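Asks: Just passing along the structure, written as structure tokens.
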Amino acid sequence: MSQAATEIVRISGHAGSVPGAGLNREYTVCKLVDTTTCIGCKACEVACLEWNGYTFTETSFDNSYQTMPETAWNYWNLIKFNEYERDDGSLMLLMRKDQCMHCADPGCLAACPSDAAIVQYANGIVDFQEAHCIGCGYCLTGCPFNIPKFSPTARKVFKCTLCNDRVSQGLEPACIKTCPTGCLHFGTKAEMKELAETRAKQLRENSGYRDAGVYDPSGVGGTHVIYVLHDAKNPEAYGGLPRNPRVPLMVRLWKHPLKWIGNLGMIAGVLGVFVHYLRFGPKAVKDDRPQGDTR
Amino acid sequence: MIRQKYLLPDGRVLRYSFHERLVHWMAGFSYLYLLLSGLAFWSPWLFWIAIVLGGGTVARELHPWFGLVFAIAVLLMYGMWGKQMRETPADKRWWESIRYYIRNEDDKMPAADRFNPGQKLLFWGFLVNGMLLLLTGLVLWFPQYIPWSLRVLRLISIFLHPVCALFTIALFIIHVYMGTAMERGAFGSVIRGDVSRAWANHHHHSWFQQVLREEGATVGSQPNRAPAGPQSATGK
């Protein structure tokens with residue numbers, strides 16, 4: 001990491017303590033989405049398109065404020081709206097900014113067969129390298145959040161980069177930059193986790209949201225996009241946020257036991273027939289003229 | 001006069017017709033491509049195969065199309081061989097003596113028909129797995145059109161596709177070994193179509209005897225053909 005060069009460990013001939021010694025820096029990045037202060041203005045949707053160079057595509061109307069049913073290959077950031085009826089009969093308009101969660105244990109990366117098409121950086125960003133993408137779409141199946149999207153024109157898969165190009169230059173992601181309510185925050189994972197927990201506590205204690213909590217699912221090792229939810233016990237209400245996302249069992253079975261069983265089986269098969277040939281050789285056909293061969 | 005379909009001049013026997021050979025190689029070449037490109041997607045250690053095949057993107061584009069060709073070939077095989085591949089009561093005895101077959105002690109084996117029970121297993125194995133590969137392959141071909149609510153289809157396919165492929169690879173290794181190294185003459189039978197009478201009699205005794213019964217009657221009526229049949233065994 002480039003920042004590591006600014007951390008001093010020892011200084012020659014220096015009287016007294018080393019400035020900054022013992023400082024513990026965390027390089028992980030994290031986006032905090034506070035759904036309780038989101039007003040659904042969609043400025044983040046626009047900022048995402050602008051920064052990433054996409055133009056507006058056709059929107060679809062489905063009796064909701066939502067721009068389209070789900071994120072698209074050229075629309076990585078989508079506010080999901082849900083009119084939610086609580087147990088006491090009162091209504092809530094839930095708004096959640098949907099984008100790549102940047103899992104610590106990314107299912108897309110586990111499923112990808114192409115060398116270097118998906119990269120996970122030390123700061124937690126999971127980024128697609130489209131130059132190496134072969135367009136197989138395995139990541140679509142590996143992702144528990146329905147995020148990677150196939151482009152029929154490019155025949156490759158695209159998704160939110162967490163503005164890796166901005167973050168690597170010390171800037172915050174475009175969506176964070178533009179958010180007018182301050183419901184989006186950006187910092188280290190520890191900072192954001194702390195801020196989120198503080199906000200959740202405030203909601204529980206001062207605002208009557210007894211089940212308010214932080215969404216940082218452990219099934220995928222935690223994520224580098226975390227949410228504050230009014231009701232952390234019902235994430236599905238926020239536009240289908242999975243309760244316990246994990247890398248699909250089928251992907252795990254395929255990549256671990258099956259791969260080794262298969263590899264050993266194939267090697268054993270090839271060796272087996274070779275050893276058979278050494279031991280028994282080809283089948284000899286008896287010259288059985290009485291059976292009709294008159295040559 | 002009975003048309004001699006299988007008995008050829010010079011003591012040769014027609015084992016596979018032109019149509020059968022064509023379909024076999026339609027399956028053979030498409031399977032070879034599917035195997036190589038599939039192995040490239042199977043393991044990072046084998047991804048270099050995709051580079052050799054024109055790059056990962058090209059291999060990914062072509063793999064499903066070759067899959068369609070293979071599936072059609074397998075279905076054509078079902079059309080032309082399905083009946084002959086049915087299990088018979090005698091097959092059980094053949095499997096019970098499989099150890100003699102493995103040790104090349106073929107004289108202890110029950111007589112085989114046009115296809116021996118091992119070949120039948122190969123056929124049904126490729127047919128069943130081939131159809132499962134086709135179904136799961138269609139899902140993997142267009143994952144973007146499988147809606148999120150039907151995601152279970154993608155999950156089943158992503159696991160089942162390589163499982164079925166591994167079963168066919170097991171069959172394929174044995175098939176290629178037996179067709180080239182172990183049974184001399186078998187490879188020629190699927191290239192030129194013919195085998196020697198001794199070969200036919202040795203490996204597919206029941207079938208050959210039936211051919212002789214049906215076509216041997218014409219012996220002598222066609223001087224250009226080699227004499228055939230048990231009745232002509234002693235005289236030339």
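Identifiers for the structure tokens are assigned positionally: chains receive A, B, ... in sequence, residues are indexed from 1 per chain, and ligands are indexed from 1 in the order shown.
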Need the shell around Val69 in chain B: protein/DNA/RNA residues with any atom at most 12 Å away, counting only C-alpha atoms. Skip same-chain ones fewer than 3 positions apart. Format as a ChimeraX atom specification?
Replies: /B:23-34,62-66,72-76,130,134
Asks: Just write the chosen residues, N, CA and C atoms, as a PDB file, in the first residue's frame.
Replies:
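Generated file (selection.pdb):
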ATOM      1  N   VAL B  23     -21.926 -40.323 -37.964  1.00  0.00           N
ATOM      2  CA  VAL B  23     -22.523 -39.859 -36.702  1.00  0.00           C
ATOM      3  C   VAL B  23     -21.526 -40.044 -35.562  1.00  0.00           C
ATOM      4  N   HIS B  24     -20.806 -41.173 -35.578  1.00  0.00           N
ATOM      5  CA  HIS B  24     -19.816 -41.400 -34.517  1.00  0.00           C
ATOM      6  C   HIS B  24     -18.803 -40.269 -34.468  1.00  0.00           C
ATOM      7  N   TRP B  25     -18.335 -39.839 -35.629  1.00  0.00           N
ATOM      8  CA  TRP B  25     -17.294 -38.798 -35.624  1.00  0.00           C
ATOM      9  C   TRP B  25     -17.864 -37.409 -35.426  1.00  0.00           C
ATOM     10  N   MET B  26     -19.142 -37.262 -35.761  1.00  0.00           N
ATOM     11  CA  MET B  26     -19.821 -36.011 -35.409  1.00  0.00           C
ATOM     12  C   MET B  26     -19.809 -35.872 -33.886  1.00  0.00           C
ATOM     13  N   ALA B  27     -20.112 -36.976 -33.211  1.00  0.00           N
ATOM     14  CA  ALA B  27     -20.055 -36.959 -31.747  1.00  0.00           C
ATOM     15  C   ALA B  27     -18.609 -36.865 -31.274  1.00  0.00           C
ATOM     16  N   GLY B  28     -17.722 -37.618 -31.938  1.00  0.00           N
ATOM     17  CA  GLY B  28     -16.329 -37.689 -31.495  1.00  0.00           C
ATOM     18  C   GLY B  28     -15.628 -36.357 -31.525  1.00  0.00           C
ATOM     19  N   PHE B  29     -15.714 -35.661 -32.652  1.00  0.00           N
ATOM     20  CA  PHE B  29     -15.001 -34.389 -32.759  1.00  0.00           C
ATOM     21  C   PHE B  29     -15.637 -33.315 -31.894  1.00  0.00           C
ATOM     22  N   SER B  30     -16.973 -33.292 -31.852  1.00  0.00           N
ATOM     23  CA  SER B  30     -17.597 -32.280 -30.998  1.00  0.00           C
ATOM     24  C   SER B  30     -17.277 -32.567 -29.532  1.00  0.00           C
ATOM     25  N   TYR B  31     -17.246 -33.855 -29.154  1.00  0.00           N
ATOM     26  CA  TYR B  31     -16.915 -34.179 -27.760  1.00  0.00           C
ATOM     27  C   TYR B  31     -15.490 -33.748 -27.435  1.00  0.00           C
ATOM     28  N   LEU B  32     -14.595 -33.960 -28.379  1.00  0.00           N
ATOM     29  CA  LEU B  32     -13.194 -33.589 -28.133  1.00  0.00           C
ATOM     30  C   LEU B  32     -13.078 -32.094 -27.844  1.00  0.00           C
ATOM     31  N   TYR B  33     -13.790 -31.290 -28.625  1.00  0.00           N
ATOM     32  CA  TYR B  33     -13.751 -29.846 -28.376  1.00  0.00           C
ATOM     33  C   TYR B  33     -14.382 -29.518 -27.030  1.00  0.00           C
ATOM     34  N   LEU B  34     -15.507 -30.175 -26.746  1.00  0.00           N
ATOM     35  CA  LEU B  34     -16.199 -29.910 -25.477  1.00  0.00           C
ATOM     36  C   LEU B  34     -15.327 -30.302 -24.303  1.00  0.00           C
ATOM     37  N   LEU B  62     -18.010 -20.826 -28.257  1.00  0.00           N
ATOM     38  CA  LEU B  62     -18.170 -22.007 -29.106  1.00  0.00           C
ATOM     39  C   LEU B  62     -18.626 -23.239 -28.333  1.00  0.00           C
ATOM     40  N   HIS B  63     -18.236 -23.334 -27.074  1.00  0.00           N
ATOM     41  CA  HIS B  63     -18.551 -24.540 -26.283  1.00  0.00           C
ATOM     42  C   HIS B  63     -20.043 -24.923 -26.374  1.00  0.00           C
ATOM     43  N   PRO B  64     -20.966 -23.977 -26.178  1.00  0.00           N
ATOM     44  CA  PRO B  64     -22.386 -24.374 -26.269  1.00  0.00           C
ATOM     45  C   PRO B  64     -22.799 -24.842 -27.663  1.00  0.00           C
ATOM     46  N   TRP B  65     -22.220 -24.232 -28.696  1.00  0.00           N
ATOM     47  CA  TRP B  65     -22.587 -24.651 -30.059  1.00  0.00           C
ATOM     48  C   TRP B  65     -22.103 -26.061 -30.340  1.00  0.00           C
ATOM     49  N   PHE B  66     -20.875 -26.361 -29.921  1.00  0.00           N
ATOM     50  CA  PHE B  66     -20.386 -27.734 -30.070  1.00  0.00           C
ATOM     51  C   PHE B  66     -21.244 -28.682 -29.233  1.00  0.00           C
ATOM     52  N   ILE B  72     -27.074 -33.447 -30.735  1.00  0.00           N
ATOM     53  CA  ILE B  72     -27.754 -33.967 -31.925  1.00  0.00           C
ATOM     54  C   ILE B  72     -27.156 -35.313 -32.325  1.00  0.00           C
ATOM     55  N   ALA B  73     -25.821 -35.404 -32.283  1.00  0.00           N
ATOM     56  CA  ALA B  73     -25.160 -36.668 -32.640  1.00  0.00           C
ATOM     57  C   ALA B  73     -25.600 -37.792 -31.714  1.00  0.00           C
ATOM     58  N   VAL B  74     -25.691 -37.488 -30.421  1.00  0.00           N
ATOM     59  CA  VAL B  74     -26.099 -38.521 -29.455  1.00  0.00           C
ATOM     60  C   VAL B  74     -27.537 -38.958 -29.723  1.00  0.00           C
ATOM     61  N   LEU B  75     -28.385 -38.000 -30.089  1.00  0.00           N
ATOM     62  CA  LEU B  75     -29.774 -38.358 -30.392  1.00  0.00           C
ATOM     63  C   LEU B  75     -29.854 -39.191 -31.674  1.00  0.00           C
ATOM     64  N   LEU B  76     -29.018 -38.853 -32.658  1.00  0.00           N
ATOM     65  CA  LEU B  76     -28.984 -39.664 -33.882  1.00  0.00           C
ATOM     66  C   LEU B  76     -28.534 -41.084 -33.557  1.00  0.00           C
ATOM     67  N   GLY B 130     -25.378 -37.077 -21.617  1.00  0.00           N
ATOM     68  CA  GLY B 130     -25.423 -36.099 -22.696  1.00  0.00           C
ATOM     69  C   GLY B 130     -26.680 -35.248 -22.625  1.00  0.00           C
ATOM     70  N   LEU B 134     -26.958 -31.353 -21.817  1.00  0.00           N
ATOM     71  CA  LEU B 134     -27.670 -30.426 -22.698  1.00  0.00           C
ATOM     72  C   LEU B 134     -28.585 -29.513 -21.882  1.00  0.00           C
TER      73      LEU B 134
END
Asks: From a backbone DSSP assignment, name each residue in range 61-200 of chain A labelled strand (DSSP E), as number ranges by chain.
Replies: A: 78-85, 91-98, 118-120, 126-128, 149-151, 156-158, 184-187
Asks: Which residues are near range 172-189 of chain B? Cut-off 9 Å, only C-alpha atoms, ignore same chain within fewer than 4 positions. Put them as a list in words.
Replies: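 Selected residues are Met266, Gly269, Val270, Val273, Phe274, Tyr277, Phe280, Gly281, Pro282, Lys283, Ala284 and Val285 of chain A; Leu14, Arg15, Tyr16, Arg21, Gln119, Leu122, Phe126, Phe167, Thr168, Gly193, Asp194, Val195, Ser196, Trp199 and His203 of chain B.
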Asks: Could you name the residues that touch range 162-166 of chain A at 8 Å or less, counting only C-alpha atoms, but leaving out those on the same chain fewer than 2 positions away, as a list in words?
Replies: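 Near range 162-166 of chain A, the qualifying residues are Cys100, His102, Ile125, Asp127, Cys160, Ser168, Gln169, Gly170, Leu171, Glu172, Pro173 and Ala174 of chain A.
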Asks: What gap, in Å, lies between CA of Asp10 in chain B and CA of Glu105 in chain B?
Replies: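 So the answer is 28.4 Å.
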Asks: Taking only C-alpha atoms into account, name the residue in A:Cys139, A:Thr223, A:Cys183, A:Ile267 that is nearest to Ile158 in chain B.
Replies: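 The shortest atom-to-atom distance to Ile158 in chain B comes from A:Cys139.
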Asks: With only C-alpha atoms as the atoms that count, which of B:Ser149, B:Asn129, B:Asn104, B:Ser97 lies nearest to chain A?
Replies: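 Smallest distance to chain A is found for B:Asn104.
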Asks: Rounded to one decimal place, report the CA of Phe159 in chain B-CA of Phe150 in chain A distance in Å.
Replies: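 Taking CA of Phe159 in chain B as the start and CA of Phe150 in chain A as the end point, the length is 20.5 Å.
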